[in-house]
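**Student:** Got work07.csv for you, CSV, C-alpha atoms:
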chain,number,residue,atom,x,y,z
A,1,MET,CA,0.0,0.0,0.0
A,2,SER,CA,2.7,2.5,1.0
A,3,GLU,CA,4.2,2.1,-2.4
A,4,THR,CA,1.5,4.0,-4.2
A,5,THR,CA,-0.4,5.9,-1.6
A,6,PRO,CA,0.9,9.2,-0.1
A,7,TYR,CA,0.5,10.0,3.5
A,8,ARG,CA,-3.0,11.3,4.3
A,9,ASN,CA,-4.5,13.2,7.2
A,10,PRO,CA,-5.4,10.3,9.5
A,11,GLN,CA,-8.2,12.1,11.3
A,12,ASN,CA,-10.4,12.4,8.2
A,13,ILE,CA,-12.5,9.3,8.5
A,14,GLN,CA,-15.3,9.1,6.0
A,15,ILE,CA,-18.1,6.5,6.1
A,16,ASN,CA,-20.4,6.0,3.3
A,17,LYS,CA,-23.5,5.0,5.2
A,18,SER,CA,-25.5,4.1,2.1
A,19,TRP,CA,-22.9,1.3,1.4
A,20,CYS,CA,-22.4,0.2,5.0
A,21,LYS,CA,-24.3,-3.0,5.8
A,22,GLY,CA,-23.4,-2.9,9.5
A,23,CYS,CA,-21.4,-6.2,9.7
A,24,GLY,CA,-19.3,-4.8,12.6
A,25,ILE,CA,-15.9,-5.9,11.2
A,26,CYS,CA,-14.5,-2.4,11.4
A,27,ALA,CA,-15.7,-1.8,15.0
A,28,GLY,CA,-14.4,-5.2,16.0
A,29,LEU,CA,-10.9,-4.6,14.5
A,30,CYS,CA,-10.7,-1.0,15.8
A,31,SER,CA,-13.0,-0.6,18.8
A,32,LYS,CA,-11.1,2.5,20.0
A,33,VAL,CA,-12.2,4.7,17.1
A,34,LEU,CA,-15.1,3.0,15.4
A,35,SER,CA,-18.4,1.8,16.8
A,36,MET,CA,-21.8,0.7,15.5
A,37,ASP,CA,-24.5,3.3,15.5
A,38,GLY,CA,-27.4,1.5,17.3
A,39,GLY,CA,-26.0,-1.8,15.9
A,40,SER,CA,-26.8,-0.8,12.3
A,41,LYS,CA,-24.2,1.4,10.7
A,42,ALA,CA,-20.6,2.2,11.5
A,43,PHE,CA,-19.6,5.6,12.8
A,44,ALA,CA,-16.4,7.2,14.1
A,45,ALA,CA,-16.9,7.6,17.8
A,46,ASN,CA,-13.4,8.8,18.6
A,47,PRO,CA,-11.8,10.1,15.3
A,48,SER,CA,-9.0,11.8,17.2
A,49,LEU,CA,-7.6,8.4,18.3
A,50,CYS,CA,-7.2,7.3,14.7
A,51,THR,CA,-3.6,6.6,13.7
A,52,GLY,CA,-4.3,6.2,10.0
A,53,CYS,CA,-3.3,2.5,9.9
A,54,ARG,CA,-6.2,1.9,7.5
A,55,ILE,CA,-7.1,-1.6,8.8
A,56,CYS,CA,-10.8,-0.6,8.7
A,57,GLU,CA,-10.5,0.5,5.1
A,58,THR,CA,-8.8,-2.7,3.9
A,59,HIS,CA,-11.1,-4.9,5.9
A,60,CYS,CA,-14.4,-3.2,5.1
A,61,PRO,CA,-16.2,-5.6,2.7
A,62,ASP,CA,-18.5,-2.9,1.5
A,63,PHE,CA,-15.9,-0.2,0.5
A,64,ALA,CA,-17.7,2.1,2.9
A,65,ILE,CA,-14.8,3.5,4.9
A,66,SER,CA,-12.1,5.8,3.6
A,67,ILE,CA,-9.4,7.4,5.6
A,68,GLY,CA,-8.3,10.8,4.8
A,69,VAL,CA,-9.6,11.2,1.2
A,70,ASP,CA,-12.4,13.1,-0.2
A,71,VAL,CA,-15.3,10.9,-1.3
A,72,ASN,CA,-16.6,12.3,-4.6
B,1,MET,CA,-12.9,7.9,-4.1
B,2,GLN,CA,-11.2,6.1,-1.3
B,3,ASN,CA,-8.1,3.9,-1.4
B,4,ASN,CA,-6.8,5.0,-4.8
B,5,ALA,CA,-7.5,1.6,-6.4
B,6,ASN,CA,-11.2,2.1,-6.3
B,7,LYS,CA,-11.1,3.8,-9.7
B,8,TYR,CA,-11.3,0.2,-10.8
B,9,LEU,CA,-14.7,-0.3,-9.3
B,10,ARG,CA,-18.0,0.3,-11.1
B,11,SER,CA,-19.2,2.4,-8.1
B,12,GLU,CA,-22.7,2.9,-9.6
B,13,LYS,CA,-23.3,-0.9,-9.0
B,14,LEU,CA,-22.5,-0.6,-5.3
B,15,PRO,CA,-23.5,-1.5,-2.7
B,16,HIS,CA,-22.9,-5.1,-3.8
B,17,ILE,CA,-25.2,-8.1,-3.3
B,18,TRP,CA,-23.0,-9.9,-0.7
B,19,CYS,CA,-24.3,-10.5,2.8
B,20,PRO,CA,-23.2,-8.4,5.8
B,21,GLY,CA,-19.8,-9.7,7.0
B,22,CYS,CA,-19.1,-11.6,3.8
B,23,GLY,CA,-15.3,-11.8,3.1
B,24,ASN,CA,-15.7,-11.6,-0.7
B,25,GLY,CA,-15.8,-7.8,-0.5
B,26,ILE,CA,-12.5,-7.8,1.3
B,27,VAL,CA,-11.0,-10.1,-1.4
B,28,LEU,CA,-12.3,-7.8,-4.1
B,29,GLY,CA,-10.8,-4.8,-2.2
B,30,ALA,CA,-7.4,-6.7,-2.1
B,31,ILE,CA,-7.8,-7.4,-5.9
B,32,THR,CA,-8.4,-3.8,-6.8
B,33,ARG,CA,-5.4,-2.6,-4.7
B,34,ALA,CA,-3.3,-5.2,-6.5
B,35,PHE,CA,-4.5,-3.9,-9.8
B,36,GLY,CA,-3.5,-0.4,-8.5
B,37,LEU,CA,0.0,-1.7,-7.7
B,38,LEU,CA,0.3,-3.4,-11.1
B,39,ASN,CA,-0.9,-0.2,-12.8
B,40,CYS,CA,-3.3,-2.3,-14.9
B,41,ASP,CA,-4.6,-0.8,-18.1
B,42,GLN,CA,-8.4,-1.2,-18.0
B,43,ASN,CA,-8.5,-1.8,-21.7
B,44,ASN,CA,-5.9,-4.5,-21.8
B,45,THR,CA,-6.9,-6.5,-18.7
B,46,VAL,CA,-9.6,-9.1,-18.8
B,47,VAL,CA,-11.3,-10.5,-15.7
B,48,VAL,CA,-13.2,-13.7,-16.2
B,49,SER,CA,-15.5,-15.4,-13.6
B,50,GLY,CA,-17.7,-18.4,-13.4
B,51,ILE,CA,-20.9,-18.8,-11.3
B,52,GLY,CA,-21.3,-18.3,-7.6
B,53,CYS,CA,-21.2,-15.6,-5.0
B,54,SER,CA,-17.6,-14.8,-5.6
B,55,SER,CA,-18.0,-14.8,-9.4
B,56,ARG,CA,-20.3,-11.8,-9.0
B,57,ALA,CA,-17.1,-9.8,-8.4
B,58,THR,CA,-16.6,-9.2,-12.1
B,59,GLY,CA,-19.8,-7.2,-12.2
B,60,TYR,CA,-18.2,-4.6,-9.9
B,61,LEU,CA,-14.8,-4.4,-11.6
B,62,ASP,CA,-14.4,-1.8,-14.4
B,63,PHE,CA,-12.3,-3.9,-16.8
B,64,CYS,CA,-13.1,-6.0,-19.8
B,65,THR,CA,-15.1,-8.6,-17.8
B,66,LEU,CA,-16.7,-11.9,-18.7
B,67,HIS,CA,-19.2,-13.7,-16.5
B,68,THR,CA,-19.3,-17.2,-17.8
B,69,THR,CA,-20.9,-20.6,-17.2
B,70,HIS,CA,-20.5,-22.6,-14.0
B,71,GLY,CA,-16.9,-24.0,-13.7
B,72,ARG,CA,-15.9,-23.0,-17.2
B,73,ALA,CA,-14.2,-19.6,-16.3
B,74,LEU,CA,-10.8,-21.1,-17.0
B,75,ALA,CA,-11.9,-22.6,-20.3
B,76,PHE,CA,-13.1,-19.1,-21.5
B,77,ALA,CA,-10.0,-17.5,-20.1
B,78,THR,CA,-7.7,-20.0,-21.9
B,79,GLY,CA,-9.5,-19.1,-25.2
B,80,ILE,CA,-9.0,-15.4,-24.5
B,81,LYS,CA,-5.3,-15.8,-23.7
B,82,MET,CA,-4.7,-18.0,-26.7
B,83,ALA,CA,-6.3,-15.5,-29.1
B,84,ARG,CA,-4.7,-12.4,-27.5
B,85,PRO,CA,-1.6,-13.4,-25.5
B,86,GLU,CA,-0.8,-9.8,-24.9
B,87,LEU,CA,-3.8,-9.3,-22.6
B,88,LYS,CA,-3.5,-9.8,-18.9
B,89,VAL,CA,-6.1,-12.3,-17.8
B,90,PHE,CA,-7.4,-12.8,-14.3
B,91,VAL,CA,-9.9,-15.5,-13.4
B,92,LEU,CA,-12.1,-15.2,-10.3
B,93,MET,CA,-13.7,-18.4,-9.1
B,94,GLY,CA,-15.2,-19.8,-6.0
B,95,ASP,CA,-14.1,-23.0,-4.3
B,96,GLY,CA,-17.0,-25.1,-5.7
B,97,ASP,CA,-16.7,-23.4,-9.1
B,98,SER,CA,-13.0,-24.2,-9.4
B,99,THR,CA,-12.6,-27.6,-7.8
B,100,GLY,CA,-16.1,-29.1,-8.0
B,101,ILE,CA,-17.8,-28.2,-11.3
B,102,GLY,CA,-14.7,-26.9,-13.0
B,103,GLY,CA,-12.2,-29.3,-11.4
B,104,ASN,CA,-11.1,-30.7,-14.7
B,105,HIS,CA,-10.6,-27.3,-16.3
B,106,PHE,CA,-8.6,-26.3,-13.2
B,107,ILE,CA,-6.1,-29.2,-13.3
B,108,HIS,CA,-5.7,-28.9,-17.1
B,109,ALA,CA,-5.1,-25.2,-17.0
B,110,ALA,CA,-2.5,-25.9,-14.4
B,111,ARG,CA,-1.0,-28.7,-16.5
B,112,ARG,CA,-0.6,-26.4,-19.5
B,113,ASN,CA,1.0,-23.7,-17.4
B,114,ILE,CA,-0.9,-21.0,-19.4
B,115,ASP,CA,-0.2,-17.5,-18.2
B,116,LEU,CA,-3.4,-16.8,-16.2
B,117,THR,CA,-3.9,-15.6,-12.7
B,118,ALA,CA,-6.6,-17.6,-10.9
B,119,ILE,CA,-7.9,-16.1,-7.7
B,120,ILE,CA,-10.0,-18.6,-5.8
B,121,PHE,CA,-12.4,-17.4,-3.1
B,122,ASN,CA,-12.4,-20.3,-0.7
B,123,ASN,CA,-15.4,-19.9,1.7
B,124,SER,CA,-15.8,-23.7,2.1
B,125,ILE,CA,-19.4,-23.8,1.0
B,126,TYR,CA,-21.7,-23.3,-2.0
B,127,GLY,CA,-23.2,-20.1,-0.5
B,128,MET,CA,-25.4,-18.9,-3.3
B,129,THR,CA,-27.3,-22.1,-3.8
B,130,GLY,CA,-28.2,-22.5,-0.2
B,131,GLY,CA,-25.1,-23.9,1.6
B,132,GLN,CA,-24.3,-27.3,0.1
B,133,SER,CA,-20.9,-28.8,1.1
B,134,SER,CA,-18.2,-28.1,-1.5
B,135,PRO,CA,-15.0,-30.1,-2.3
B,136,LEU,CA,-13.2,-27.7,0.0
B,137,SER,CA,-15.6,-28.0,3.0
B,138,PRO,CA,-13.4,-29.2,5.9
B,139,LEU,CA,-14.1,-32.7,7.2
B,140,ASN,CA,-17.0,-32.9,9.7
B,141,SER,CA,-18.2,-29.4,8.8
B,142,ARG,CA,-22.0,-29.0,8.6
B,143,ALA,CA,-23.9,-28.0,5.4
B,144,THR,CA,-27.4,-28.3,4.1
B,145,THR,CA,-26.3,-31.5,2.3
B,146,ALA,CA,-24.4,-32.7,5.4
B,147,PRO,CA,-26.5,-31.9,8.4
B,148,GLN,CA,-24.4,-34.3,10.6
B,149,GLY,CA,-21.2,-33.0,9.2
B,150,THR,CA,-19.5,-34.0,5.9
B,151,PHE,CA,-17.7,-37.4,5.7
B,152,GLU,CA,-15.8,-36.4,2.7
B,153,ARG,CA,-12.2,-35.3,2.9
B,154,PRO,CA,-11.5,-31.9,1.3
B,155,PHE,CA,-9.0,-31.1,-1.3
B,156,ASP,CA,-5.9,-29.2,-0.3
B,157,LEU,CA,-6.2,-26.6,-3.1
B,158,ALA,CA,-2.6,-25.6,-3.0
B,159,GLU,CA,-1.3,-29.1,-3.2
B,160,LEU,CA,-3.8,-29.9,-6.0
B,161,ALA,CA,-2.6,-26.9,-8.0
B,162,GLN,CA,1.0,-27.7,-7.4
B,163,GLY,CA,0.5,-31.4,-8.3
B,164,ALA,CA,-1.3,-30.5,-11.5
B,165,GLY,CA,1.6,-28.3,-12.6
B,166,ALA,CA,0.8,-24.7,-11.6
B,167,THR,CA,4.0,-22.7,-11.3
B,168,TYR,CA,2.9,-20.2,-8.7
B,169,VAL,CA,0.8,-21.2,-5.7
B,170,ALA,CA,-0.1,-18.9,-2.8
B,171,ARG,CA,-2.6,-18.7,-0.1
B,172,GLY,CA,-3.9,-15.7,1.8
B,173,THR,CA,-6.8,-14.8,4.0
B,174,THR,CA,-9.2,-11.9,4.3
B,175,TYR,CA,-7.7,-11.2,7.7
B,176,HIS,CA,-4.3,-10.7,6.1
B,177,ALA,CA,-5.7,-8.4,3.4
B,178,ASN,CA,-2.5,-6.6,2.6
B,179,MET,CA,-0.6,-9.8,2.2
B,180,LEU,CA,-3.3,-11.0,-0.1
B,181,THR,CA,-2.8,-7.9,-2.2
B,182,GLN,CA,0.9,-8.7,-2.5
B,183,LEU,CA,0.3,-12.3,-3.3
B,184,ILE,CA,-2.1,-11.4,-6.1
B,185,ARG,CA,0.4,-8.9,-7.5
B,186,ASN,CA,3.2,-11.4,-7.4
B,187,GLY,CA,1.0,-14.0,-9.0
B,188,ALA,CA,0.1,-11.6,-11.8
B,189,ASP,CA,3.8,-10.8,-12.3
B,190,HIS,CA,4.7,-14.5,-12.6
B,191,LYS,CA,4.8,-15.9,-16.1
B,192,GLY,CA,2.7,-19.1,-16.0
B,193,PHE,CA,-0.4,-20.4,-14.3
B,194,SER,CA,-0.7,-18.7,-10.9
B,195,VAL,CA,-3.1,-19.8,-8.3
B,196,VAL,CA,-3.9,-17.6,-5.3
B,197,GLU,CA,-6.3,-19.1,-2.8
B,198,ALA,CA,-8.1,-16.4,-0.7
B,199,VAL,CA,-9.6,-17.9,2.4
B,200,THR,CA,-12.7,-16.0,3.0
B,201,ALA,CA,-15.7,-16.1,5.4
B,202,CYS,CA,-19.3,-17.0,4.7
B,203,PRO,CA,-21.0,-16.1,7.9
B,204,ILE,CA,-24.5,-16.8,6.7
B,205,SER,CA,-24.3,-20.2,4.9
B,206,TYR,CA,-21.2,-21.6,6.6
B,207,GLY,CA,-20.5,-19.7,9.8
B,208,ARG,CA,-24.0,-19.9,11.2
B,209,ARG,CA,-24.4,-23.6,10.6
B,210,ASN,CA,-20.9,-24.4,12.1
B,211,LYS,CA,-21.4,-22.0,15.0
B,212,MET,CA,-18.5,-19.8,14.0
B,213,GLY,CA,-20.1,-16.5,14.8
B,214,ASN,CA,-20.4,-13.4,12.6
B,215,GLY,CA,-18.0,-12.0,10.0
B,216,TYR,CA,-15.7,-10.5,12.6
B,217,ASP,CA,-15.4,-13.8,14.6
B,218,MET,CA,-14.6,-15.6,11.3
B,219,LEU,CA,-11.9,-13.1,10.5
B,220,LEU,CA,-10.4,-13.9,13.9
B,221,TRP,CA,-10.7,-17.6,13.2
B,222,GLN,CA,-8.5,-17.1,10.1
B,223,LYS,CA,-6.0,-15.2,12.2
B,224,GLU,CA,-5.8,-18.0,14.8
B,225,HIS,CA,-5.7,-20.9,12.3
B,226,SER,CA,-3.2,-19.6,9.7
B,227,VAL,CA,0.5,-20.0,10.0
B,228,PRO,CA,3.1,-18.1,7.8
B,229,VAL,CA,4.6,-20.6,5.4
B,230,GLU,CA,8.2,-20.0,6.7
B,231,LYS,CA,7.1,-21.1,10.2
B,232,ALA,CA,4.8,-23.9,8.9
B,233,ARG,CA,7.8,-25.6,7.3
B,234,LYS,CA,9.4,-26.0,10.7
B,235,LEU,CA,6.3,-27.5,12.3
B,236,THR,CA,5.4,-31.2,12.5
B,237,PRO,CA,2.2,-32.4,10.8
B,238,LEU,CA,0.7,-32.9,14.3
B,239,GLU,CA,1.4,-29.3,15.2
B,240,MET,CA,-0.1,-28.1,11.9
B,241,GLU,CA,-3.3,-30.1,12.4
B,242,GLY,CA,-6.4,-27.9,11.9
B,243,LYS,CA,-4.2,-25.1,10.7
B,244,PHE,CA,-3.1,-23.9,7.2
B,245,ALA,CA,0.0,-22.2,5.8
B,246,ILE,CA,-0.3,-18.8,4.2
B,247,GLY,CA,2.1,-17.0,2.0
B,248,GLU,CA,3.9,-18.0,-1.2
B,249,LEU,CA,3.8,-21.8,-1.0
B,250,TYR,CA,5.4,-22.7,-4.3
B,251,LYS,CA,7.1,-21.0,-7.2
B,252,ALA,CA,8.8,-22.6,-10.2
B,253,ASP,CA,9.9,-21.8,-13.7
B,254,ALA,CA,8.4,-23.8,-16.6
B,255,PRO,CA,7.7,-23.2,-20.3
B,256,GLU,CA,4.6,-21.1,-20.7
B,257,PHE,CA,1.8,-22.4,-23.1
B,258,THR,CA,1.2,-19.4,-25.2
B,259,ASP,CA,4.9,-18.9,-25.7
B,260,ILE,CA,5.3,-22.5,-26.9
B,261,TYR,CA,2.4,-22.0,-29.3
B,262,GLU,CA,3.7,-18.7,-30.7
B,263,ARG,CA,7.1,-20.3,-31.3
B,264,PHE,CA,5.5,-23.2,-33.1
B,265,ILE,CA,3.5,-20.9,-35.4
B,266,GLU,CA,6.6,-18.8,-36.1
B,267,GLU,CA,8.6,-21.9,-37.1
B,268,LYS,CA,5.8,-23.3,-39.2
B,269,GLN,CA,5.4,-19.9,-41.1
B,270,LYS,CA,9.1,-19.7,-41.7
B,271,LYS,CA,9.2,-23.3,-43.0
B,272,ASN,CA,6.2,-22.7,-45.3
B,273,LYS,CA,7.8,-19.5,-46.6
B,274,GLU,CA,11.0,-21.3,-47.4
B,275,GLU,CA,9.1,-24.1,-49.2
B,276,ARG,CA,7.2,-21.6,-51.2
B,277,GLN,CA,10.4,-19.8,-52.3
B,278,ARG,CA,11.9,-23.1,-53.3
B,279,GLY,CA,8.8,-23.9,-55.3
B,280,VAL,CA,9.1,-20.6,-57.2
B,281,ASN,CA,12.7,-21.2,-58.0
Let me see the structure of the file written as structure tokens.
**Tutor:**
Amino acid sequence: MSETTPYRNPQNIQINKSWCKGCGICAGLCSKVLSMDGGSKAFAANPSLCTGCRICETHCPDFAISIGVDVN
Amino acid sequence: MQNNANKYLRSEKLPHIWCPGCGNGIVLGAITRAFGLLNCDQNNTVVVSGIGCSSRATGYLDFCTLHTTHGRALAFATGIKMARPELKVFVLMGDGDSTGIGGNHFIHAARRNIDLTAIIFNNSIYGMTGGQSSPLSPLNSRATTAPQGTFERPFDLAELAQGAGATYVARGTTYHANMLTQLIRNGADHKGFSVVEAVTACPISYGRRNKMGNGYDMLLWQKEHSVPVEKARKLTPLEMEGKFAIGELYKADAPEFTDIYERFIEEKQKKNKEERQRGVN
């Protein structure tokens, strides 16, 4: 990954709620930052703790999480 | 869009049809990132798939894609590669698609050592058709066709591929998603038949029936039951019981099929030309 992607602002966590199916993988892998909104959709509970490791991004089966990039 | 490789996705088709927690999306993510590392040209890359949950992946990839009949993805891919050897051809198959219905195509593609990259989504079950046991379902695992647990011993896909003649064999899991990306990239760079087995989770059809929990629990199962290949070589078969090796399992150099065929055509054309010239003189 590091070969092609430049360093990005790690605090910018974007979650595409219309793609999220609420499987809970991201919240399981990173319970510090992410949590499930009423058990249905992922949301960033503590974005300031994010180190930008992008494990949630690579393990989201629904391509719903992006760290530090504008979704457009 | 996020993670730079997602320019390779047909985002208007998302969200995809896979169940919540299904690992196929993670494998697809790893594939798109590998395409990003390979700098794949979308017009010169073909992605072929068969039938099954995993084979729906071609619908979401913005390449020249081909969604073919059950088990025959490798046959179609072989045709494409023979006609246009300059194209990069990837084949996405499920475990049942590649070793059950398409078992023969699989071993013969490996035998020919044709330059294809086969990525096999191994979720240990026929998920789309309702959870029948597949040739890669572990012994004693439950399925709709094996309510008391299956009595059939599964294939070891990596050994099957290696035994049949594949020259690059690797295994990754959805837990080790970045490693999977690297394995797919190395497989695509390898000249010859490359097999990358991606161990993925089916929480609905497999996990629920075998009491393995949700998608996250199954990810942790992969973490606990996988052993890096360097370490696995030092362990005894008893210590490896119930576990599987991940990483680059086998790599060899062998003549590639389209190369042999091209050389044959060149020689024949040269010979014919010489004969014609002799005839004129």
**Student:** Skipping near chain neighbours, those fewer than 5 positions away, what residues fall within 7 Å of stretch 61-73 of chain B using all atoms listed in the file, listed as a ChimeraX atom specification?
**Tutor:** /B:8-10,42-43,45-51,91,97-98,101-102,105
**Student:** Taking all atoms listed in the file into account, what are the residues of chain B at most 7 Å from chain A, put as a list of chain:residue names?
**Tutor:**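 The selection requested is B:Met1, B:Gln2, B:Asn3, B:Leu14, B:Pro15, B:Pro20, B:Gly21, B:Cys22, B:Gly23, B:Asn24, B:Gly25, B:Ile26, B:Gly29, B:Leu37, B:Ala177, B:Gly215, B:Tyr216.
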**Student:** Neighbours of stretch 223-239 of chain B within 10 Å (all atoms listed in the file; same-chain residues fewer than 2 positions away dropped), as a list in words?
**Tutor:**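 Surrounding residues, per the criterion: Ala170, Arg171, Gly172, Thr173, Thr174, Tyr175, His176, Val199, Asp217, Met218, Leu219, Leu220, Trp221, Glu241, Gly242, Lys243, Phe244, Ala245, Ile246, Gly247, Glu248, Leu249 and Tyr250 of chain B.
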**Student:** Which residue gives the smallest distance to B:Asn39 among B:Pro154, B:Thr167, B:Ile17, B:Asp189, with all atoms listed in the file counted?
**Tutor:**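 Among the listed residues, the smallest separation from B:Asn39 belongs to B:Asp189.
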**Student:** In Å to one decimal, how far is atom CA of B:Phe193 from atom CA of B:Tyr60?
**Tutor:** 24.2 Å
**Student:** May I have the residues within 7 Å of A:Ser35 as an MDAnalysis selection string, using only C-alpha atoms and disregarding those fewer than 4 positions away in the same chain?
**Tutor:** chainID A and resid 27 31 42:45
**Student:** In Å, how far is it from atom CA of B:Tyr261 to atom CA of B:Met82?
**Tutor:**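 Answer for the atom CA of B:Tyr261 to atom CA of B:Met82 separation: 8.6 Å.
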**Student:** Do you have the atom CA of B:Leu92-atom CA of B:Ala188 distance handy?
**Tutor:**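 About the pair atom CA of B:Leu92 and atom CA of B:Ala188: they are 12.8 Å apart.
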**Student:** Which residues of stretch 140-162 of chain B sit at most 8 Å from stretch 110-133 of chain B, using all atoms listed in the file? Give each one's shortest atom pair and distance in Å (one decimal place), in chain and ascending residue order, as a Markdown table.
**Tutor:**
| residue | atom | partner | partner_atom | distance |
| --- | --- | --- | --- | --- |
| B:Arg142 | CA | B:Ser133 | CA | 7.6 |
| B:Ala143 | CA | B:Ser133 | CA | 5.3 |
| B:Thr144 | CA | B:Gln132 | CA | 5.2 |
| B:Thr145 | CA | B:Gln132 | CA | 5.1 |
| B:Ala146 | CA | B:Ser133 | CA | 6.8 |
| B:Thr150 | CA | B:Ser133 | CA | 7.2 |
| B:Ala161 | CA | B:Ala110 | CA | 6.5 |
**Student:** When you write stretch 19-48 of chain A out from the block above, keep C-alpha atoms and present the result as a short mmCIF file (atom, residue, chain, number, x, y, z; two decimals), in the first residue's frame, please.
**Tutor:**
data_model
loop_
_atom_site.label_atom_id
_atom_site.label_comp_id
_atom_site.auth_asym_id
_atom_site.auth_seq_id
_atom_site.Cartn_x
_atom_site.Cartn_y
_atom_site.Cartn_z
CA TRP A 19 -22.92 1.32 1.37
CA CYS A 20 -22.39 0.17 4.99
CA LYS A 21 -24.27 -3.03 5.83
CA GLY A 22 -23.44 -2.92 9.54
CA CYS A 23 -21.44 -6.16 9.70
CA GLY A 24 -19.33 -4.80 12.56
CA ILE A 25 -15.92 -5.92 11.23
CA CYS A 26 -14.47 -2.39 11.43
CA ALA A 27 -15.73 -1.83 14.97
CA GLY A 28 -14.36 -5.24 15.99
CA LEU A 29 -10.91 -4.55 14.53
CA CYS A 30 -10.70 -0.97 15.84
CA SER A 31 -12.98 -0.59 18.84
CA LYS A 32 -11.06 2.53 19.95
CA VAL A 33 -12.18 4.66 17.06
CA LEU A 34 -15.15 3.01 15.41
CA SER A 35 -18.41 1.81 16.83
CA MET A 36 -21.81 0.71 15.55
CA ASP A 37 -24.54 3.31 15.51
CA GLY A 38 -27.36 1.49 17.27
CA GLY A 39 -25.97 -1.78 15.87
CA SER A 40 -26.84 -0.82 12.30
CA LYS A 41 -24.19 1.41 10.71
CA ALA A 42 -20.56 2.17 11.48
CA PHE A 43 -19.62 5.58 12.79
CA ALA A 44 -16.43 7.18 14.07
CA ALA A 45 -16.91 7.56 17.83
CA ASN A 46 -13.39 8.84 18.58
CA PRO A 47 -11.83 10.09 15.34
CA SER A 48 -9.02 11.83 17.24
#
